[in-house]
>>> print(open('start_35.tsv').read())   # TSV, C-alpha atoms
chain	number	residue	atom	x	y	z
Q	97	MET	CA	4.96	-25.35	-72.13
Q	98	ASN	CA	3.88	-25.40	-75.75
Q	99	ALA	CA	2.45	-21.90	-75.24
Q	100	VAL	CA	5.64	-20.68	-73.56
Q	101	ILE	CA	8.37	-21.90	-75.91
Q	102	GLY	CA	9.30	-19.10	-78.30
Q	103	SER	CA	7.50	-16.32	-76.45
Q	104	HIS	CA	9.41	-16.46	-73.15
Q	105	ASP	CA	13.01	-16.52	-72.12
Q	106	LEU	CA	13.84	-19.55	-69.96
Q	107	LEU	CA	15.87	-19.54	-66.75
Q	108	LEU	CA	17.02	-22.66	-64.92
Q	109	VAL	CA	18.85	-22.08	-61.63
Q	110	THR	CA	20.19	-25.07	-59.71
Q	111	LEU	CA	21.16	-24.27	-56.13
Q	112	ASP	CA	23.83	-26.92	-55.78
Q	113	THR	CA	23.44	-29.12	-52.64
Q	114	LEU	CA	20.54	-27.09	-51.18
Q	115	ARG	CA	18.54	-29.17	-48.70
Q	116	TYR	CA	14.75	-29.02	-48.65
Q	117	ASP	CA	14.49	-28.71	-44.86
Q	118	VAL	CA	16.87	-25.74	-44.70
Q	119	ALA	CA	15.19	-24.01	-47.66
Q	120	ALA	CA	11.70	-24.52	-46.21
Q	121	ASP	CA	12.67	-23.36	-42.73
Q	122	LEU	CA	14.31	-20.16	-44.00
Q	123	LEU	CA	11.35	-19.33	-46.21
Q	124	ALA	CA	8.88	-19.87	-43.34
Q	125	ALA	CA	11.00	-17.65	-41.10
Q	126	GLY	CA	10.88	-14.77	-43.60
Q	127	ARG	CA	14.60	-14.95	-44.34
Q	128	LEU	CA	14.24	-15.35	-48.13
Q	129	PRO	CA	12.24	-12.29	-49.23
Q	130	THR	CA	13.10	-12.48	-52.94
Q	131	LEU	CA	12.10	-16.12	-53.26
Q	132	ALA	CA	9.02	-15.56	-51.11
Q	133	ALA	CA	7.84	-12.99	-53.65
Q	134	VAL	CA	7.98	-15.40	-56.60
Q	135	LEU	CA	7.41	-18.96	-55.37
Q	136	PRO	CA	3.78	-20.03	-55.90
Q	137	GLY	CA	1.95	-19.59	-52.62
Q	138	GLY	CA	5.19	-18.34	-51.09
Q	139	VAL	CA	6.39	-21.90	-50.44
Q	140	TRP	CA	8.84	-24.38	-51.89
Q	141	GLU	CA	7.49	-27.53	-53.49
Q	142	GLU	CA	8.98	-30.69	-51.98
Q	143	ARG	CA	10.43	-32.96	-54.65
Q	144	HIS	CA	12.84	-35.87	-55.14
Q	145	THR	CA	16.05	-35.42	-57.09
Q	146	PRO	CA	16.81	-37.63	-60.11
Q	147	GLY	CA	20.40	-38.05	-58.85
Q	148	SER	CA	22.31	-37.94	-55.58
Q	149	PHE	CA	25.26	-35.88	-56.85
Q	150	THR	CA	25.82	-33.05	-59.29
Q	151	TYR	CA	26.73	-34.88	-62.47
Q	152	ALA	CA	24.00	-37.51	-62.26
Q	153	ALA	CA	21.30	-35.01	-61.30
Q	154	HIS	CA	22.22	-32.51	-64.01
Q	155	ALA	CA	22.52	-35.15	-66.72
Q	156	ALA	CA	18.89	-36.02	-65.94
Q	157	ILE	CA	17.67	-32.44	-65.48
Q	158	LEU	CA	19.23	-31.32	-68.77
Q	159	ALA	CA	17.47	-34.21	-70.50
Q	160	GLY	CA	14.11	-32.93	-69.23
Q	161	PHE	CA	13.83	-35.00	-66.04
Q	162	LEU	CA	13.34	-32.28	-63.44
Q	163	PRO	CA	13.01	-33.21	-59.74
Q	164	THR	CA	9.87	-35.31	-59.24
Q	165	PRO	CA	6.97	-34.32	-56.93
Q	166	VAL	CA	6.94	-36.45	-53.78
Q	167	ALA	CA	3.24	-37.40	-54.14
Q	168	PRO	CA	2.39	-40.56	-56.12
Q	169	GLY	CA	2.46	-40.03	-59.89
Q	170	PRO	CA	2.73	-40.21	-62.78
Q	171	HIS	CA	3.65	-36.54	-63.02
Q	172	PRO	CA	3.54	-34.85	-66.46
Q	173	ARG	CA	6.82	-33.18	-67.34
Q	174	LEU	CA	7.39	-29.66	-68.65
Q	175	PHE	CA	9.91	-30.81	-71.25
Q	176	ALA	CA	10.53	-34.24	-72.71
Q	177	ALA	CA	12.70	-35.76	-75.40
Q	178	ALA	CA	10.71	-37.69	-77.96
Q	179	PHE	CA	10.62	-41.20	-76.50
Q	180	PRO	CA	8.15	-43.95	-77.40
Q	181	GLY	CA	6.16	-45.16	-74.42
Q	182	SER	CA	6.97	-42.26	-72.10
Q	183	GLU	CA	4.36	-42.19	-69.32
Q	184	THR	CA	5.17	-38.63	-68.23
Q	185	THR	CA	4.80	-36.92	-71.61
Q	186	ALA	CA	1.40	-35.21	-71.60
Q	187	PRO	CA	-0.44	-32.86	-74.01
Q	188	GLY	CA	1.06	-29.84	-72.25
Q	189	THR	CA	4.60	-31.20	-72.38
Q	190	TRP	CA	6.95	-29.55	-74.86
Q	191	ARG	CA	8.64	-32.34	-76.80
Q	192	PHE	CA	12.00	-32.01	-78.49
Q	193	GLU	CA	13.77	-34.21	-81.03
Q	194	ALA	CA	17.15	-34.30	-79.33
Q	195	ALA	CA	18.97	-36.13	-76.55
Q	196	ASP	CA	19.09	-33.09	-74.29
Q	197	LEU	CA	17.11	-29.95	-73.54
Q	198	PRO	CA	19.69	-27.33	-74.63
Q	199	THR	CA	20.00	-28.93	-78.07
Q	200	GLY	CA	16.23	-29.17	-78.38
Q	201	LEU	CA	15.79	-25.52	-77.43
Q	202	ALA	CA	18.52	-24.46	-79.84
Q	203	ALA	CA	16.56	-26.14	-82.64
Q	204	ALA	CA	13.53	-24.10	-81.53
Q	205	GLY	CA	15.45	-20.84	-81.95
Q	206	TYR	CA	16.90	-20.32	-78.48
Q	207	HIS	CA	20.42	-19.18	-77.70
Q	208	THR	CA	21.61	-21.47	-74.91
Q	209	VAL	CA	23.97	-20.23	-72.19
Q	210	CYS	CA	25.59	-22.11	-69.29
Q	211	VAL	CA	27.18	-20.26	-66.37
Q	212	GLY	CA	28.89	-22.96	-64.35
Q	213	GLY	CA	29.66	-23.13	-60.67
Q	214	VAL	CA	30.94	-26.39	-59.17
Q	215	GLY	CA	33.70	-28.53	-60.66
Q	216	PHE	CA	31.49	-30.49	-63.05
Q	217	PHE	CA	31.12	-27.24	-65.03
Q	218	ASN	CA	34.68	-25.87	-64.84
Q	219	LYS	CA	35.77	-27.07	-68.33
Q	220	LEU	CA	39.23	-27.89	-66.95
Q	221	THR	CA	38.89	-31.62	-67.69
Q	222	PRO	CA	36.96	-33.75	-70.20
Q	223	LEU	CA	34.42	-34.58	-67.48
Q	224	GLY	CA	34.15	-30.93	-66.45
Q	225	SER	CA	33.42	-30.08	-70.09
Q	226	ALA	CA	30.71	-32.69	-70.74
Q	227	LEU	CA	27.70	-30.75	-69.41
Q	228	PRO	CA	28.83	-27.28	-70.59
Q	229	SER	CA	29.35	-28.68	-74.10
Q	230	LEU	CA	25.58	-29.11	-74.44
Q	231	PHE	CA	25.23	-25.32	-74.66
Q	232	ALA	CA	26.04	-22.91	-77.49
Q	233	GLU	CA	27.85	-20.68	-75.01
Q	234	SER	CA	29.36	-21.71	-71.68
Q	235	HIS	CA	31.35	-19.89	-69.02
Q	236	TRP	CA	33.35	-20.76	-65.94
Q	237	ASP	CA	35.89	-18.83	-63.91
Q	238	PRO	CA	37.47	-19.48	-60.50
Q	239	SER	CA	35.43	-16.55	-59.18
Q	240	PHE	CA	32.29	-18.63	-59.89
Q	241	GLY	CA	33.52	-21.58	-57.84
Q	242	VAL	CA	32.93	-23.01	-54.40
Q	243	THR	CA	35.82	-21.20	-52.71
Q	244	SER	CA	34.68	-17.70	-53.68
Q	245	PRO	CA	32.44	-15.90	-51.14
Q	246	SER	CA	31.12	-13.64	-53.94
Q	247	SER	CA	30.57	-16.42	-56.49
Q	248	PHE	CA	26.93	-15.70	-57.27
Q	249	GLU	CA	27.57	-12.02	-57.89
Q	250	ALA	CA	30.28	-12.93	-60.40
Q	251	GLN	CA	28.00	-15.47	-62.07
Q	252	ILE	CA	25.21	-12.92	-62.45
Q	253	ALA	CA	27.59	-10.39	-64.02
Q	254	CYS	CA	28.67	-13.02	-66.53
Q	255	ALA	CA	25.07	-14.03	-67.26
Q	256	ALA	CA	24.02	-10.42	-67.79
Q	257	ALA	CA	26.77	-9.85	-70.35
Q	258	ALA	CA	25.85	-13.04	-72.22
Q	259	VAL	CA	22.09	-12.36	-72.32
Q	260	GLU	CA	22.46	-8.72	-73.34
Q	261	ARG	CA	24.48	-9.71	-76.43
Q	262	VAL	CA	21.57	-11.49	-78.15
Q	263	GLU	CA	18.08	-10.51	-79.24
Q	264	ARG	CA	16.47	-13.91	-79.78
Q	265	PRO	CA	15.03	-15.96	-76.93
Q	266	VAL	CA	17.56	-17.23	-74.40
Q	267	PHE	CA	17.78	-20.35	-72.28
Q	268	LEU	CA	20.05	-19.42	-69.38
Q	269	PHE	CA	21.27	-22.11	-67.01
Q	270	VAL	CA	23.12	-21.12	-63.83
Q	271	ASN	CA	24.63	-23.68	-61.49
Q	272	VAL	CA	24.97	-21.80	-58.19
Q	273	SER	CA	28.00	-22.99	-56.21
Q	274	ALA	CA	27.52	-20.90	-53.05
Q	275	LEU	CA	25.62	-23.58	-51.06
Q	276	HIS	CA	28.22	-26.25	-51.73
Q	277	GLN	CA	30.98	-26.94	-49.26
Q	278	PRO	CA	33.02	-24.96	-48.29
Q	279	ASN	CA	30.39	-22.47	-47.15
Q	280	TRP	CA	31.67	-21.63	-43.65
Q	281	PHE	CA	32.58	-18.09	-44.70
Q	282	TYR	CA	28.91	-17.07	-45.00
Q	283	SER	CA	28.43	-17.50	-41.24
Q	284	GLY	CA	31.97	-16.96	-40.03
Q	285	GLY	CA	32.89	-20.59	-39.40
Q	286	PRO	CA	34.73	-22.25	-37.87
Q	287	GLY	CA	33.60	-25.00	-40.26
Q	288	ASP	CA	30.78	-25.93	-42.61
Q	289	SER	CA	27.46	-26.52	-40.89
Q	290	ILE	CA	23.72	-26.33	-41.33
Q	291	ASP	CA	23.98	-22.69	-40.21
Q	292	SER	CA	26.55	-21.78	-42.84
Q	293	HIS	CA	24.50	-23.67	-45.47
Q	294	ALA	CA	21.51	-21.51	-44.48
Q	295	ALA	CA	23.59	-18.33	-44.52
Q	296	ALA	CA	24.74	-19.17	-48.04
Q	297	LEU	CA	21.11	-19.43	-49.18
Q	298	GLU	CA	20.38	-16.02	-47.65
Q	299	TYR	CA	23.33	-14.62	-49.61
Q	300	VAL	CA	21.93	-16.10	-52.83
Q	301	ASP	CA	18.45	-14.70	-52.12
Q	302	ARG	CA	19.92	-11.20	-51.74
Q	303	GLN	CA	21.35	-11.39	-55.27
Q	304	LEU	CA	18.47	-13.07	-57.11
Q	305	ALA	CA	16.57	-9.88	-57.93
Q	306	ARG	CA	19.47	-8.78	-60.14
Q	307	LEU	CA	19.29	-12.02	-62.09
Q	308	PHE	CA	15.52	-11.73	-62.46
Q	309	ALA	CA	15.95	-8.17	-63.78
Q	310	VAL	CA	18.38	-9.40	-66.43
Q	311	MET	CA	15.99	-12.11	-67.57
Q	312	THR	CA	12.90	-9.89	-67.78
Q	313	ALA	CA	14.43	-6.92	-69.57
Q	314	ARG	CA	13.31	-8.11	-73.03
Q	315	ARG	CA	10.38	-10.49	-72.61
Q	316	PRO	CA	8.63	-12.54	-69.91
Q	317	CYS	CA	10.62	-15.41	-68.46
Q	318	LEU	CA	9.69	-18.86	-67.22
Q	319	ALA	CA	11.98	-19.53	-64.27
Q	320	ILE	CA	12.77	-22.81	-62.54
Q	321	VAL	CA	14.73	-22.59	-59.29
Q	322	CYS	CA	15.57	-25.85	-57.59
Q	323	SER	CA	18.26	-27.93	-55.96
Q	324	ASP	CA	20.05	-30.72	-57.76
Q	325	HIS	CA	20.43	-32.72	-54.52
Q	326	GLY	CA	20.86	-32.12	-50.81
Q	327	THR	CA	23.81	-32.86	-48.57
Q	328	ALA	CA	24.39	-34.32	-45.11
Q	329	TYR	CA	25.94	-32.54	-42.14
Q	330	GLY	CA	26.30	-35.52	-39.80
Q	331	GLU	CA	22.83	-37.06	-40.02
Q	332	ASP	CA	23.14	-40.77	-39.14
Q	333	GLY	CA	26.90	-40.32	-39.37
Q	334	HIS	CA	26.84	-39.13	-42.99
Q	335	VAL	CA	28.65	-36.08	-44.34
Q	336	GLY	CA	28.26	-34.99	-47.95
Q	337	HIS	CA	26.18	-36.55	-50.72
Q	338	ARG	CA	26.22	-39.30	-53.41
Q	339	ILE	CA	24.25	-41.38	-50.91
Q	340	GLY	CA	20.56	-42.31	-50.67
Q	341	HIS	CA	19.83	-40.47	-47.42
Q	342	PRO	CA	16.55	-38.46	-47.21
Q	343	VAL	CA	18.45	-35.16	-46.69
Q	344	VAL	CA	20.18	-35.79	-50.02
Q	345	TRP	CA	17.19	-37.16	-51.91
Q	346	THR	CA	14.66	-34.46	-50.93
Q	347	VAL	CA	15.02	-31.08	-52.64
Q	348	PRO	CA	13.18	-27.75	-52.93
Q	349	TYR	CA	11.63	-26.79	-56.27
Q	350	GLY	CA	9.84	-23.75	-57.67
Q	351	GLU	CA	8.62	-22.76	-61.12
Q	352	PHE	CA	7.02	-19.42	-61.96
Q	353	VAL	CA	6.65	-16.78	-64.68
Q	354	LEU	CA	8.44	-13.46	-64.27
Q	355	GLU	CA	6.68	-10.71	-66.20
Q	356	LYS	CA	8.60	-8.42	-68.55
Q	357	GLY	CA	10.03	-5.41	-66.74
Q	358	ALA	CA	8.70	-6.45	-63.34
Q	359	TRP	CA	12.20	-6.49	-61.79
Q	360	ALA	CA	13.63	-3.38	-63.45
>>> encode(input="start_35.tsv", output="structure tokens")
Amino acid sequence: MNAVIGSHDLLLVTLDTLRYDVAADLLAAGRLPTLAAVLPGGVWEERHTPGSFTYAAHAAILAGFLPTPVAPGPHPRLFAAAFPGSETTAPGTWRFEAADLPTGLAAAGYHTVCVGGVGFFNKLTPLGSALPSLFAESHWDPSFGVTSPSSFEAQIACAAAAVERVERPVFLFVNVSALHQPNWFYSGGPGDSIDSHAAALEYVDRQLARLFAVMTARRPCLAIVCSDHGTAYGEDGHVGHRIGHPVVWTVPYGEFVLEKGAWA
């Protein structure tokens, strides 16, 4: 990461509530062509989330604690706040002297942008403002939220306008709300299900090329696409998340470099 910071734009996309099993099955079935083209080896990496619901997971992720590989560690981190005794800060880790990644990147010359999705990013309450306030520029609109069937398209349009306004390197964070309940409208209902969760991911995959084009128009981009946590659809009687069930704890993860102009 020390060779990347300053020369690349940075993109962090969290696919809110996306389950690893659904993501892996769709990729293997050829139903995610955009992601298949960029994920290393054409597969998701299986990881564990640092938190079982949106706020907890993002508080950790935005401090540099990305989802952890499932194999025994320790696992060196891409980014890390300066912290004495850290066992996951390695020579290749980019260290920042701040409590959170957006502030650290801002000090390194990046313009930081948040395009929110679910309620923890809506800026309508003090809690909904806490995570967006870490960024120099943050956006939320009802059209970005969980009830909008075209939420990701609206988020990409907002992100494009924000990125195109600046020349210096950009750290763009997008919290994608489309996977989160309610998602029945992506498969026609009648209610939320594994099938509608999968259909929502297919919708997101169809739009991703536009976001990649925005982020590679000026310079190469390091992209991280992952879930913040999964969610249950009746497994062992559970529905939803903020629980320690394997379908919540296990998430898909991918990191890759997008070359300048490759998605024009």
>>> residues_around(input="start_35.tsv", residues="range 247-261 of chain Q", least_positions_apart="2", cutoff="8 Å", atoms="all atoms listed in the file", output="VMD selection string")
chain Q and resid 209 211 to 213 235 239 to 242 244 to 245 263 266 268 270 272 to 274 300 303 306 to 307 310 to 311
>>> residues_around(input="start_35.tsv", residues="Thr130 in chain Q", least_positions_apart="6", cutoff="9 Å", atoms="only C-alpha atoms", output="number ranges by chain")
Q: 301-305
>>> residues_around(input="start_35.tsv", residues="Ala203 in chain Q", least_positions_apart="2", cutoff="12 Å", atoms="all atoms listed in the file", output="list in words")
Ile101, Gly102, Arg191, Phe192, Glu193, Ala194, Ala195, Asp196, Leu197, Pro198, Thr199, Gly200, Leu201, Gly205, Tyr206, His207, Thr208, Phe231, Ala232, Pro265 and Phe267 of chain Q
>>> closest_residue(input="start_35.tsv", among="Q:His104, Q:His293, Q:Lys219, Q:Arg264", to="Val118 in chain Q", atoms="all atoms listed in the file")
Q:His293
>>> atom_distance(input="start_35.tsv", atom1="CA of Gly147 in chain Q", atom2="CA of Gly336 in chain Q")
13.8 Å
>>> closest_residue(input="start_35.tsv", among="Q:Gly326, Q:Gly284, Q:Asn98, Q:Tyr151", to="Arg173 in chain Q", atoms="all atoms listed in the file")
Q:Asn98
>>> atom_distance(input="start_35.tsv", atom1="CA of Pro348 in chain Q", atom2="CA of Gly181 in chain Q")
28.5 Å
>>> closest_residue(input="start_35.tsv", among="Q:Ala119, Q:Ala133, Q:Phe217, Q:Phe308", to="Ser229 in chain Q", atoms="all atoms listed in the file")
Q:Phe217
>>> atom_distance(input="start_35.tsv", atom1="CA of Ala178 in chain Q", atom2="CA of Trp190 in chain Q")
9.5 Å
>>> closest_residue(input="start_35.tsv", among="Q:Ile339, Q:Ala167, Q:Ala120, Q:Ala125", to="Ala152 in chain Q", atoms="all atoms listed in the file")
Q:Ile339
>>> axis_aligned_box(input="start_35.tsv", around="range 195-206 of chain Q", padding_each_side="6 Å", output="AutoDock Vina command-line options")
--center_x 16.8 --center_y -28.2 --center_z -78.1 --size_x 18.5 --size_y 27.8 --size_z 21.1
>>> closest_residue(input="start_35.tsv", among="Q:Leu318, Q:Val166, Q:Ala295, Q:Leu275", to="Arg143 in chain Q", atoms="all atoms listed in the file")
Q:Val166
>>> closest_residue(input="start_35.tsv", among="Q:His334, Q:Arg315, Q:His325, Q:His341", to="Glu355 in chain Q", atoms="all atoms listed in the file")
Q:Arg315
>>> residues_near_point(input="start_35.tsv", point="(14.4, -22.9, -66.0)", cutoff="10 Å", atoms="all atoms listed in the file", output="JSON, numbers by chain")
{"Q": [105, 106, 107, 108, 109, 110, 162, 267, 268, 269, 270, 317, 318, 319, 320, 321, 322, 350, 351, 352, 353]}
>>> decode(input="start_35.tsv", residues="range 208-238 of chain Q", atoms="N, CA and C atoms", output="compact mmCIF listing (two decimals), in the first residue's frame")
# COMPACT_ATOMS: atom_id res chain seq x y z
N THR Q 208 -11.80 13.05 0.33
CA THR Q 208 -12.56 11.89 0.78
C THR Q 208 -14.05 12.14 0.58
N VAL Q 209 -14.72 11.14 0.00
CA VAL Q 209 -16.13 11.27 -0.37
C VAL Q 209 -16.89 10.04 0.12
N CYS Q 210 -18.01 10.27 0.78
CA CYS Q 210 -18.91 9.21 1.23
C CYS Q 210 -20.24 9.34 0.49
N VAL Q 211 -20.67 8.27 -0.16
CA VAL Q 211 -22.02 8.20 -0.73
C VAL Q 211 -22.76 7.13 0.04
N GLY Q 212 -23.65 7.56 0.93
CA GLY Q 212 -24.31 6.65 1.84
C GLY Q 212 -25.44 5.88 1.21
N GLY Q 213 -25.88 4.85 1.92
CA GLY Q 213 -26.98 4.02 1.46
C GLY Q 213 -27.99 3.75 2.55
N VAL Q 214 -27.63 2.88 3.51
CA VAL Q 214 -28.58 2.51 4.56
C VAL Q 214 -28.65 3.61 5.62
N GLY Q 215 -29.53 3.43 6.60
CA GLY Q 215 -29.84 4.49 7.54
C GLY Q 215 -28.69 5.02 8.36
N PHE Q 216 -27.65 4.23 8.60
CA PHE Q 216 -26.51 4.72 9.36
C PHE Q 216 -25.70 5.76 8.61
N PHE Q 217 -26.08 6.06 7.37
CA PHE Q 217 -25.39 7.08 6.57
C PHE Q 217 -26.34 8.18 6.11
N ASN Q 218 -27.58 8.23 6.65
CA ASN Q 218 -28.57 9.15 6.08
C ASN Q 218 -28.47 10.58 6.61
N LYS Q 219 -27.65 10.82 7.62
CA LYS Q 219 -27.42 12.16 8.17
C LYS Q 219 -28.68 12.82 8.69
N LEU Q 220 -29.72 12.05 8.96
CA LEU Q 220 -30.97 12.58 9.48
C LEU Q 220 -30.99 12.64 11.00
N THR Q 221 -30.05 11.95 11.65
CA THR Q 221 -29.94 11.91 13.10
C THR Q 221 -28.47 12.03 13.48
N PRO Q 222 -28.17 12.31 14.76
CA PRO Q 222 -26.76 12.32 15.17
C PRO Q 222 -26.05 11.00 14.88
N LEU Q 223 -26.73 9.86 15.12
CA LEU Q 223 -26.10 8.58 14.82
C LEU Q 223 -25.91 8.40 13.32
N GLY Q 224 -26.89 8.80 12.52
CA GLY Q 224 -26.77 8.68 11.08
C GLY Q 224 -25.78 9.64 10.46
N SER Q 225 -25.24 10.55 11.29
CA SER Q 225 -24.22 11.50 10.82
C SER Q 225 -22.81 11.13 11.26
N ALA Q 226 -22.69 10.17 12.19
CA ALA Q 226 -21.39 9.87 12.79
C ALA Q 226 -20.38 9.37 11.76
N LEU Q 227 -20.75 8.38 10.96
CA LEU Q 227 -19.82 7.84 9.97
C LEU Q 227 -19.61 8.80 8.80
N PRO Q 228 -20.65 9.42 8.24
CA PRO Q 228 -20.41 10.39 7.16
C PRO Q 228 -19.52 11.55 7.59
N SER Q 229 -19.55 11.92 8.87
CA SER Q 229 -18.76 13.07 9.32
C SER Q 229 -17.26 12.83 9.25
N LEU Q 230 -16.85 11.59 9.04
CA LEU Q 230 -15.42 11.29 8.90
C LEU Q 230 -14.87 11.78 7.56
N PHE Q 231 -15.75 12.07 6.62
CA PHE Q 231 -15.35 12.41 5.25
C PHE Q 231 -15.45 13.92 5.00
N ALA Q 232 -14.61 14.41 4.09
CA ALA Q 232 -14.66 15.82 3.72
C ALA Q 232 -15.97 16.16 3.02
N GLU Q 233 -16.51 15.19 2.30
CA GLU Q 233 -17.73 15.40 1.53
C GLU Q 233 -18.60 14.15 1.69
N SER Q 234 -19.85 14.33 2.04
CA SER Q 234 -20.74 13.18 2.21
C SER Q 234 -22.10 13.49 1.63
N HIS Q 235 -22.75 12.42 1.11
CA HIS Q 235 -24.02 12.59 0.42
C HIS Q 235 -24.98 11.47 0.83
N TRP Q 236 -26.23 11.84 0.97
CA TRP Q 236 -27.31 10.87 1.11
C TRP Q 236 -28.59 11.50 0.61
N ASP Q 237 -29.43 10.65 0.01
CA ASP Q 237 -30.72 11.09 -0.52
C ASP Q 237 -31.66 9.89 -0.42
N PRO Q 238 -32.96 10.10 -0.25
CA PRO Q 238 -33.86 8.95 -0.20
C PRO Q 238 -33.74 8.02 -1.41
